[in-house]
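Text of work09.txt (compact mmCIF, C-alpha atoms) as supplied:
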```
# COMPACT_ATOMS: atom_id res chain seq x y z
CA MET A 1 -6.62 33.73 -12.42
CA GLY A 2 -8.42 30.79 -10.81
CA ASP A 3 -6.97 28.59 -13.53
CA VAL A 4 -3.42 29.51 -12.53
CA LEU A 5 -4.22 28.77 -8.90
CA VAL A 6 -5.63 25.32 -9.74
CA TRP A 7 -2.60 24.50 -11.88
CA THR A 8 -0.25 25.58 -9.08
CA VAL A 9 -2.05 23.45 -6.50
CA TRP A 10 -2.12 20.52 -8.91
CA GLY A 11 1.58 20.85 -9.67
CA ALA A 12 2.52 21.02 -6.00
CA ALA A 13 0.29 18.06 -5.09
CA ALA A 14 1.53 15.95 -8.01
CA PHE A 15 5.16 16.74 -7.14
CA ALA A 16 4.60 15.87 -3.46
CA CYS A 17 2.74 12.69 -4.46
CA LEU A 18 5.49 11.39 -6.75
CA GLY A 19 8.32 12.55 -4.50
CA SER A 20 6.92 10.89 -1.39
CA GLY A 21 6.14 7.77 -3.42
CA ILE A 22 9.76 7.50 -4.50
CA ALA A 23 10.82 8.22 -0.92
CA VAL A 24 8.69 5.31 0.36
CA VAL A 25 10.43 2.96 -2.03
CA THR A 26 13.99 4.20 -1.41
CA PHE A 27 14.20 4.78 2.37
CA ARG A 28 15.97 1.98 4.21
CA ASN A 29 14.24 2.62 7.53
CA PRO A 30 10.58 1.48 7.31
CA PHE A 31 9.59 4.13 9.87
CA PHE A 32 10.58 6.93 7.47
CA SER A 33 8.91 5.02 4.62
CA ALA A 34 5.64 4.92 6.56
CA LEU A 35 5.88 8.66 7.32
CA ALA A 36 6.50 9.34 3.60
CA LEU A 37 3.42 7.25 2.77
CA ILE A 38 1.35 9.49 5.07
CA GLY A 39 2.60 12.48 3.04
CA ASN A 40 1.72 10.61 -0.15
CA LEU A 41 -1.84 10.05 1.10
CA GLY A 42 -2.19 13.71 2.05
CA ALA A 43 -1.06 14.86 -1.41
CA LEU A 44 -3.44 12.34 -2.97
CA ALA A 45 -6.31 13.76 -0.90
CA VAL A 46 -5.55 17.21 -2.40
CA LEU A 47 -5.76 15.71 -5.90
CA PHE A 48 -9.08 14.08 -4.98
CA LEU A 49 -10.38 17.49 -3.88
CA LEU A 50 -9.35 18.94 -7.26
CA LEU A 51 -11.40 16.14 -8.88
CA SER A 52 -14.38 17.27 -6.73
CA ALA A 53 -14.36 14.04 -4.69
CA GLU A 54 -14.66 15.60 -1.24
CA PHE A 55 -16.06 12.58 0.58
CA VAL A 56 -13.40 10.26 -0.84
CA ALA A 57 -10.66 12.69 0.17
CA ALA A 58 -11.99 12.85 3.73
CA ALA A 59 -12.37 9.06 3.94
CA GLN A 60 -8.86 8.62 2.58
CA VAL A 61 -7.33 10.85 5.26
CA LEU A 62 -9.43 9.36 8.07
CA ILE A 63 -9.09 5.66 7.26
CA TYR A 64 -5.74 5.45 5.50
CA ALA A 65 -3.61 8.17 7.06
CA GLY A 66 -5.45 7.98 10.38
CA ALA A 67 -6.06 4.31 11.09
CA VAL A 68 -4.07 2.09 8.71
CA MET A 69 -0.84 4.05 8.98
CA VAL A 70 -1.04 4.21 12.77
CA MET A 71 -1.25 0.40 12.75
CA PHE A 72 1.80 0.31 10.48
CA LEU A 73 3.75 2.60 12.81
CA PHE A 74 2.77 0.48 15.84
CA VAL A 75 4.07 -2.69 14.16
CA ILE A 76 7.29 -0.96 13.10
CA ALA A 77 7.80 0.26 16.65
CA TYR A 78 7.07 -3.26 17.96
CA LEU A 79 9.66 -4.79 15.65
CA GLY A 80 12.27 -2.20 16.66
CA GLY A 81 15.71 -2.45 15.09
CA SER A 82 15.04 -5.77 13.35
CA ALA A 83 12.63 -3.97 10.99
CA THR A 84 15.46 -2.15 9.21
CA GLU A 85 16.52 -3.88 6.03
CA PRO A 86 20.00 -5.45 6.16
CA PRO A 87 22.43 -3.51 3.98
CA THR A 88 23.12 -6.36 1.56
CA ARG A 89 22.67 -5.09 -1.96
CA VAL A 90 20.27 -6.34 -4.59
CA SER A 91 22.14 -8.39 -7.15
CA SER A 92 22.70 -6.48 -10.38
CA TRP A 93 20.58 -8.69 -12.62
CA GLN A 94 17.67 -8.33 -10.20
CA GLY A 95 17.96 -4.54 -10.25
CA PHE A 96 18.23 -4.53 -14.02
CA ALA A 97 15.23 -6.83 -14.41
CA ALA A 98 13.18 -4.70 -12.00
CA ALA A 99 14.07 -1.50 -13.89
CA ALA A 100 13.20 -3.14 -17.21
CA ALA A 101 9.88 -4.44 -15.87
CA GLY A 102 9.02 -1.05 -14.39
CA THR A 103 9.82 0.77 -17.63
CA ALA A 104 7.81 -1.76 -19.64
CA LEU A 105 4.84 -1.32 -17.29
CA LEU A 106 4.97 2.48 -17.50
CA VAL A 107 5.28 2.47 -21.31
CA GLU A 108 2.42 -0.01 -21.57
CA ILE A 109 0.05 2.05 -19.39
CA LEU A 110 0.95 5.31 -21.14
CA LEU A 111 0.46 3.69 -24.56
CA ALA A 112 -2.93 2.36 -23.47
CA ILE A 113 -3.96 5.83 -22.26
CA GLY A 114 -2.70 7.46 -25.46
CA LEU A 115 -4.24 4.94 -27.85
CA LYS A 116 -7.61 4.40 -26.19
CA GLY A 117 -8.08 7.88 -24.76
CA GLY A 118 -6.32 9.95 -27.37
CA GLY A 119 -7.69 13.45 -27.64
CA ARG A 120 -11.11 12.50 -26.31
CA LEU A 121 -10.06 12.74 -22.65
CA ALA A 122 -9.76 16.53 -22.82
CA ASP A 123 -13.44 17.40 -22.29
CA GLU A 124 -14.98 15.84 -19.21
CA ALA A 125 -18.63 15.82 -18.25
CA ASP A 126 -20.24 18.78 -16.53
CA VAL A 127 -21.15 17.84 -12.99
CA ALA A 128 -23.55 19.36 -10.50
CA GLN A 129 -22.38 21.05 -7.32
CA SER A 130 -23.44 17.98 -5.30
CA PHE A 131 -21.13 15.62 -7.24
CA GLY A 132 -19.24 13.38 -4.84
CA SER A 133 -21.61 13.94 -1.92
CA PRO A 134 -21.95 11.15 0.68
CA ALA A 135 -25.66 10.88 -0.16
CA GLY A 136 -24.98 10.03 -3.81
CA ILE A 137 -22.20 7.57 -2.96
CA GLY A 138 -24.34 5.89 -0.31
CA ARG A 139 -27.33 5.57 -2.64
CA LEU A 140 -25.14 3.92 -5.27
CA PHE A 141 -23.71 1.54 -2.65
CA LEU A 142 -27.22 0.37 -1.72
CA THR A 143 -28.49 0.01 -5.29
CA ASP A 144 -26.02 -0.73 -8.11
CA HIS A 145 -23.08 -1.79 -5.93
CA LEU A 146 -25.03 -3.73 -3.31
CA LEU A 147 -23.37 -7.10 -4.01
CA ALA A 148 -19.87 -5.60 -3.99
CA PHE A 149 -20.74 -3.79 -0.76
CA GLU A 150 -21.80 -7.02 0.96
CA ILE A 151 -18.79 -8.94 -0.33
CA THR A 152 -16.55 -6.16 0.97
CA SER A 153 -18.01 -6.60 4.45
CA ILE A 154 -17.34 -10.35 4.30
CA VAL A 155 -13.75 -9.65 3.19
CA LEU A 156 -13.29 -7.32 6.17
CA LEU A 157 -14.73 -9.95 8.55
CA VAL A 158 -12.42 -12.66 7.18
CA ALA A 159 -9.44 -10.32 7.46
CA ALA A 160 -10.32 -9.50 11.08
CA ILE A 161 -10.54 -13.22 11.96
CA GLY A 162 -7.28 -13.87 10.13
CA GLY A 163 -5.58 -11.08 12.02
CA VAL A 164 -6.71 -12.54 15.35
CA ILE A 165 -5.53 -16.04 14.39
CA LEU A 166 -2.16 -14.78 13.15
CA GLY A 167 -1.70 -12.66 16.25
CA SER A 168 -2.54 -15.29 18.85
CA HIS A 169 0.12 -17.52 20.36
CA SER A 170 0.00 -21.10 19.12
CA ARG A 171 0.94 -23.94 21.47
CA ALA A 172 4.06 -24.94 19.52
CA GLU A 173 5.22 -21.35 19.52
CA ARG A 174 4.75 -21.00 23.28
CA ARG A 175 6.83 -24.11 23.79
CA ALA A 176 9.48 -22.71 21.45
CA SER A 177 9.65 -19.39 23.25
CA ARG A 178 9.83 -21.18 26.62
CA THR A 179 12.79 -23.27 25.51
CA ALA A 180 14.39 -20.23 23.89
CA THR A 181 14.20 -18.19 27.07
CA GLY A 182 15.38 -21.21 29.08
CA GLY A 183 18.56 -21.20 27.01
CA GLY A 184 18.07 -24.66 25.54
CA PRO A 185 17.86 -25.51 21.83
CA GLN A 186 14.51 -25.37 20.09
CA THR A 187 12.50 -28.57 20.19
CA PRO A 188 12.70 -30.53 16.96
CA ASP A 189 8.91 -30.95 16.70
CA ASP A 190 8.42 -27.18 16.55
CA SER A 191 7.09 -27.01 13.03
CA TRP A 192 7.22 -23.21 12.90
CA SER A 193 10.94 -22.71 13.41
CA GLY A 194 12.80 -21.49 10.37
CA PRO A 195 14.85 -23.56 7.94
CA SER A 196 17.69 -25.29 9.73
CA GLY A 197 20.31 -23.12 8.07
CA THR A 198 18.87 -19.82 9.27
CA VAL A 199 20.39 -18.03 12.17
CA PRO A 200 17.72 -17.05 14.72
CA ALA A 201 17.63 -13.35 14.01
CA GLY A 202 15.77 -11.39 16.68
CA LEU A 203 17.43 -11.86 20.04
CA PRO A 204 21.18 -12.11 19.37
CA GLU A 205 21.11 -9.00 17.16
CA GLU A 206 19.30 -6.95 19.75
CA ALA A 207 21.60 -8.15 22.47
CA SER A 208 24.68 -7.21 20.46
CA ALA A 209 23.20 -3.81 19.61
CA GLN A 210 22.78 -2.85 23.22
CA MET D 1 -13.17 22.17 -15.58
CA MET D 2 -10.36 24.49 -14.66
CA GLY D 3 -6.85 23.16 -14.38
CA PRO D 4 -5.28 20.03 -15.86
CA SER D 5 -7.27 17.52 -17.90
CA ILE D 6 -7.90 13.90 -16.97
CA THR D 7 -4.88 12.82 -19.03
CA ALA D 8 -2.53 14.54 -16.59
CA TYR D 9 -4.12 12.68 -13.66
CA LEU D 10 -3.87 9.38 -15.53
CA ILE D 11 -0.17 9.92 -16.30
CA LEU D 12 0.44 10.70 -12.62
CA ALA D 13 -1.50 7.56 -11.64
CA ALA D 14 0.63 5.49 -14.04
CA ALA D 15 3.82 6.94 -12.57
CA LEU D 16 2.64 6.19 -9.01
CA PHE D 17 1.68 2.62 -9.92
CA THR D 18 5.05 2.01 -11.58
CA THR D 19 6.93 3.43 -8.59
CA GLY D 20 5.11 1.02 -6.29
CA ALA D 21 5.66 -1.91 -8.64
CA VAL D 22 9.41 -1.27 -8.80
CA GLY D 23 9.43 -1.03 -5.00
CA VAL D 24 7.72 -4.42 -4.68
CA LEU D 25 10.23 -5.94 -7.09
CA VAL D 26 13.40 -4.41 -5.66
CA ARG D 27 12.95 -4.26 -1.88
CA ARG D 28 13.23 -7.32 0.34
CA SER D 29 11.84 -6.11 3.66
CA PRO D 30 8.22 -7.31 3.82
CA LEU D 31 7.21 -4.08 5.59
CA ILE D 32 8.45 -1.92 2.70
CA ILE D 33 6.87 -4.30 0.19
CA LEU D 34 3.52 -3.70 1.94
CA LEU D 35 4.09 0.06 1.84
CA SER D 36 4.95 -0.13 -1.88
CA LEU D 37 1.75 -2.08 -2.44
CA GLU D 38 -0.13 0.82 -0.87
CA ILE D 39 1.52 3.15 -3.41
CA MET D 40 0.29 0.89 -6.23
CA LEU D 41 -3.23 0.96 -4.76
CA ASN D 42 -3.03 4.76 -4.55
CA GLY D 43 -2.21 4.95 -8.25
CA ALA D 44 -5.21 2.76 -9.08
CA ASN D 45 -7.44 4.85 -6.79
CA LEU D 46 -6.35 8.07 -8.51
CA ALA D 47 -7.23 6.59 -11.90
CA LEU D 48 -10.64 5.48 -10.58
CA ILE D 49 -11.49 8.93 -9.22
CA ALA D 50 -10.19 10.65 -12.37
CA PHE D 51 -12.36 8.50 -14.66
CA SER D 52 -15.30 9.01 -12.31
CA ARG D 53 -14.91 12.77 -12.72
CA TYR D 54 -14.49 12.41 -16.49
CA HIS D 55 -17.73 10.48 -16.93
CA GLY D 56 -19.61 12.49 -14.32
CA GLU D 57 -20.73 9.25 -12.60
CA LEU D 58 -20.14 8.24 -8.99
CA ASP D 59 -19.33 4.57 -9.67
CA GLY D 60 -15.58 5.22 -9.43
CA HIS D 61 -16.04 6.66 -5.96
CA ASP D 62 -17.79 3.48 -4.84
CA CYS D 63 -15.04 1.33 -6.33
CA GLN D 64 -12.52 3.43 -4.43
CA GLY D 65 -14.43 2.75 -1.21
CA GLU D 66 -14.28 -0.99 -1.84
CA ASP D 67 -10.59 -0.62 -2.66
CA LEU D 68 -10.05 1.07 0.69
CA ALA D 69 -11.62 -1.87 2.52
CA VAL D 70 -9.53 -4.39 0.57
CA ALA D 71 -6.37 -2.39 1.34
CA ALA D 72 -7.23 -2.36 5.04
CA SER D 73 -7.77 -6.15 5.05
CA GLU D 74 -4.51 -6.67 3.20
CA VAL D 75 -2.65 -4.56 5.76
CA VAL D 76 -4.21 -6.50 8.66
CA VAL D 77 -3.21 -9.88 7.26
CA GLY D 78 0.21 -8.69 6.05
CA LEU D 79 1.15 -7.07 9.34
CA GLY D 80 -0.13 -10.14 11.20
CA LEU D 81 2.18 -12.30 9.10
CA ILE D 82 5.13 -9.98 9.74
CA VAL D 83 4.52 -9.99 13.50
CA ALA D 84 4.22 -13.79 13.45
CA MET D 85 7.49 -14.00 11.50
CA SER D 86 9.32 -11.81 13.99
CA ARG D 87 7.89 -13.79 16.95
CA ARG D 88 9.26 -17.00 15.44
CA ARG D 89 12.61 -15.25 15.03
CA LEU D 90 12.61 -15.50 11.24
CA ASP D 91 14.56 -12.93 9.27
CA LEU D 92 12.47 -10.05 7.92
CA ASP D 93 13.83 -10.69 4.43
CA VAL D 94 11.64 -12.20 1.72
CA ASP D 95 14.66 -13.69 -0.09
CA ARG D 96 15.44 -15.91 2.90
CA LEU D 97 11.93 -17.29 3.34
CA THR D 98 12.56 -20.37 1.25
CA THR D 99 10.84 -23.09 3.29
CA LEU D 100 8.06 -23.51 0.74
CA ARG D 101 10.38 -23.57 -2.28
CA GLY D 102 9.76 -26.69 -4.34
```
Would you kindly transcribe this structure into structure tokens?
Amino acid sequence: MGDVLVWTVWGAAAFACLGSGIAVVTFRNPFFSALALIGNLGALAVLFLLLSAEFVAAAQVLIYAGAVMVMFLFVIAYLGGSATEPPTRVSSWQGFAAAAAGTALLVEILLAIGLKGGGRLADEADVAQSFGSPAGIGRLFLTDHLLAFEITSIVLLVAAIGGVILGSHSRAERRASRTATGGGPQTPDDSWSGPSGTVPAGLPEEASAQ
Amino acid sequence: MMGPSITAYLILAAALFTTGAVGVLVRRSPLIILLSLEIMLNGANLALIAFSRYHGELDGHDCQGEDLAVAASEVVVGLGLIVAMSRRRLDLDVDRLTTLRG
């Protein structure tokens, strides 16, 4: 009886996981893609619970679905209409090559699972009730994984500094935006302006949309 | 353990990873490429947690925690780049960012 229930939950979560994953990749509007990714993370948290990884499931929902995705949605809202992908189609050889590469990747991973795992993956270890508790994970972080833990904190610090630098206005950019709002052409020494052939995208499109 | 074996989780993880990889290859909006990357990371995370459960060790959970931090850093830098691109009025289309082409 409990077995049937677990299989049902697993089937529903796996279906939601794959379906929302495909939805993320196929939606044209990035806002809907981000919402589908939140659903994907929720379904994944259910699968983590089935694997008795309660702390990881909670951290996933809090950090990913709570914090990272909110940042995504803020940026998509900031970009507005220019975030939507232009409707030009992928050239056929690119689509074909992507499908071939994806199929090759899937076959390769499944072959590796089948050959290396084989029938031995059926019986997993018996675990205690406290498996996946924050205490066990924290102890491992401060003993076996101490170096990785410290490096992770440095990576986060570097990413935070990088985010601040990327987000701050540079002097050349301020000059460019001043000339752009003044109606004049962009200064030639503005090293950040796009290639000379590109049409400046943001403003004219928005103006024509209104 | 009741329910499906680890193999079922691994096949699902492989399918998720492939979906994300195809998304990265096919789409041209940098925002959707970042979201597809998250799908690939989710597939890898599912495999980590599944193997952790199979061996009865918690190392996979720790790796998943480090993965989470790396994903957050990647999102910060990626979104910063996208916002900088849109401020400089560049197209949000990776096929048209050809300034660095040799």
Counting all atoms listed in the file, the option among D:Gln64, D:Asp95, D:Gly23, D:Leu31 closest to Gly80 in chain D
D:Leu31
Proximity check chain A to chain D, 6 Å, nearest pairs one decimal Å, all atoms listed in the file, as a Markdown table:
```
| residue | atom | partner | partner_atom | distance |
| --- | --- | --- | --- | --- |
| A:Asp3 | CA | D:Met2 | CA | 5.4 |
| A:Val6 | CA | D:Gly3 | CA | 5.3 |
| A:Trp7 | CA | D:Gly3 | CA | 5.1 |
| A:Val25 | CA | D:Gly23 | CA | 5.1 |
| A:Glu85 | CA | D:Ser29 | CA | 5.7 |
| A:Ala98 | CA | D:Leu25 | CA | 5.9 |
| A:Gly102 | CA | D:Val22 | CA | 5.6 |
| A:Leu106 | CA | D:Thr18 | CA | 5.9 |
| A:Ala122 | CA | D:Ser5 | CA | 5.6 |
| A:Glu124 | CA | D:Tyr54 | CA | 4.4 |
| A:Ala125 | CA | D:Gly56 | CA | 5.2 |
| A:Val127 | CA | D:Gly56 | CA | 5.7 |
| A:Leu156 | CA | D:Ser73 | CA | 5.8 |
| A:Ala159 | CA | D:Ser73 | CA | 5.1 |
| A:Gly163 | CA | D:Val77 | CA | 5.5 |
| A:Leu166 | CA | D:Gly80 | CA | 5.4 |
| A:Gly167 | CA | D:Gly80 | CA | 5.9 |
| A:Pro200 | CA | D:Arg89 | CA | 5.4 |
| A:Ala201 | CA | D:Arg89 | CA | 5.5 |
| A:Gly202 | CA | D:Arg89 | CA | 5.3 |
```
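Note that CA of Gly132 in chain A and CA of Glu54 in chain A are 6.2 Å apart.
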Near Leu62 in chain A, counting only C-alpha atoms, which residues have an atom at most 12 Å away, once you skip same-chain residues fewer than 4 positions from it, shown as a PDB file with C-alpha atoms, in the frame of the given file?
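The file below, result21.pdb, is the result:
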```pdb
ATOM      1  CA  ILE A  38       1.350   9.490   5.070  1.00  0.00           C
ATOM      2  CA  LEU A  41      -1.840  10.050   1.100  1.00  0.00           C
ATOM      3  CA  GLY A  42      -2.190  13.710   2.050  1.00  0.00           C
ATOM      4  CA  ALA A  45      -6.310  13.760  -0.900  1.00  0.00           C
ATOM      5  CA  PHE A  55     -16.060  12.580   0.580  1.00  0.00           C
ATOM      6  CA  VAL A  56     -13.400  10.260  -0.840  1.00  0.00           C
ATOM      7  CA  ALA A  57     -10.660  12.690   0.170  1.00  0.00           C
ATOM      8  CA  ALA A  58     -11.990  12.850   3.730  1.00  0.00           C
ATOM      9  CA  GLY A  66      -5.450   7.980  10.380  1.00  0.00           C
ATOM     10  CA  ALA A  67      -6.060   4.310  11.090  1.00  0.00           C
ATOM     11  CA  VAL A  68      -4.070   2.090   8.710  1.00  0.00           C
ATOM     12  CA  MET A  69      -0.840   4.050   8.980  1.00  0.00           C
ATOM     13  CA  VAL A  70      -1.040   4.210  12.770  1.00  0.00           C
TER      14      VAL A  70
ATOM     15  CA  LEU D  68     -10.050   1.070   0.690  1.00  0.00           C
TER      16      LEU D  68
END
```
In Å to one decimal, how far is CA of Ile63 in chain A from CA of Asp126 in chain A?
29.4 Å
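Computed from the coordinates, the CA of Leu115 in chain A to CA of Ala99 in chain A distance equals 23.9 Å.
Nearest residue to Leu73 in chain A among A:Ala36, A:Ala43, A:Ala104, A:Ala97 is A:Ala36, counting all atoms listed in the file.
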Since fewer atoms than expected are present, regenerate N, CA and C atoms for range 118-135 of chain A and write them as an mmCIF file, in the frame of the given file.
```cif
data_model
loop_
_atom_site.group_PDB
_atom_site.id
_atom_site.type_symbol
_atom_site.label_atom_id
_atom_site.label_comp_id
_atom_site.auth_asym_id
_atom_site.auth_seq_id
_atom_site.Cartn_x
_atom_site.Cartn_y
_atom_site.Cartn_z
ATOM 1 N N GLY A 118 -6.635 9.005 -26.315
ATOM 2 C CA GLY A 118 -6.320 9.950 -27.370
ATOM 3 C C GLY A 118 -6.702 11.362 -26.986
ATOM 4 N N GLY A 119 -7.301 12.068 -27.920
ATOM 5 C CA GLY A 119 -7.690 13.450 -27.640
ATOM 6 C C GLY A 119 -9.031 13.559 -26.952
ATOM 7 N N ARG A 120 -9.738 12.424 -26.812
ATOM 8 C CA ARG A 120 -11.110 12.500 -26.310
ATOM 9 C C ARG A 120 -11.181 12.751 -24.812
ATOM 10 N N LEU A 121 -10.023 12.589 -24.107
ATOM 11 C CA LEU A 121 -10.060 12.740 -22.650
ATOM 12 C C LEU A 121 -10.037 14.200 -22.237
ATOM 13 N N ALA A 122 -9.940 15.124 -23.189
ATOM 14 C CA ALA A 122 -9.760 16.530 -22.820
ATOM 15 C C ALA A 122 -11.042 17.121 -22.232
ATOM 16 N N ASP A 123 -12.194 16.753 -22.750
ATOM 17 C CA ASP A 123 -13.440 17.400 -22.290
ATOM 18 C C ASP A 123 -14.229 16.432 -21.414
ATOM 19 N N GLU A 124 -14.253 16.723 -20.115
ATOM 20 C CA GLU A 124 -14.980 15.840 -19.210
ATOM 21 C C GLU A 124 -16.400 16.350 -19.018
ATOM 22 N N ALA A 125 -17.209 15.509 -18.406
ATOM 23 C CA ALA A 125 -18.630 15.820 -18.250
ATOM 24 C C ALA A 125 -18.815 16.989 -17.281
ATOM 25 N N ASP A 126 -19.873 17.750 -17.503
ATOM 26 C CA ASP A 126 -20.240 18.780 -16.530
ATOM 27 C C ASP A 126 -20.933 18.096 -15.359
ATOM 28 N N VAL A 127 -20.544 18.482 -14.153
ATOM 29 C CA VAL A 127 -21.150 17.840 -12.990
ATOM 30 C C VAL A 127 -21.817 18.907 -12.129
ATOM 31 N N ALA A 128 -22.825 18.441 -11.386
ATOM 32 C CA ALA A 128 -23.550 19.360 -10.500
ATOM 33 C C ALA A 128 -22.678 19.679 -9.286
ATOM 34 N N GLN A 129 -23.121 20.647 -8.517
ATOM 35 C CA GLN A 129 -22.380 21.050 -7.320
ATOM 36 C C GLN A 129 -22.312 19.903 -6.308
ATOM 37 N N SER A 130 -23.356 19.025 -6.318
ATOM 38 C CA SER A 130 -23.440 17.980 -5.300
ATOM 39 C C SER A 130 -22.676 16.723 -5.704
ATOM 40 N N PHE A 131 -21.876 16.803 -6.794
ATOM 41 C CA PHE A 131 -21.130 15.620 -7.240
ATOM 42 C C PHE A 131 -20.148 15.190 -6.146
ATOM 43 N N GLY A 132 -20.151 13.876 -5.856
ATOM 44 C CA GLY A 132 -19.240 13.380 -4.840
ATOM 45 C C GLY A 132 -19.764 13.509 -3.432
ATOM 46 N N SER A 133 -21.056 13.795 -3.268
ATOM 47 C CA SER A 133 -21.610 13.940 -1.920
ATOM 48 C C SER A 133 -21.804 12.558 -1.298
ATOM 49 N N PRO A 134 -21.721 12.448 0.025
ATOM 50 C CA PRO A 134 -21.950 11.150 0.680
ATOM 51 C C PRO A 134 -23.291 10.550 0.345
ATOM 52 N N ALA A 135 -24.325 11.416 0.139
ATOM 53 C CA ALA A 135 -25.660 10.880 -0.160
ATOM 54 C C ALA A 135 -25.648 10.112 -1.477
#
```
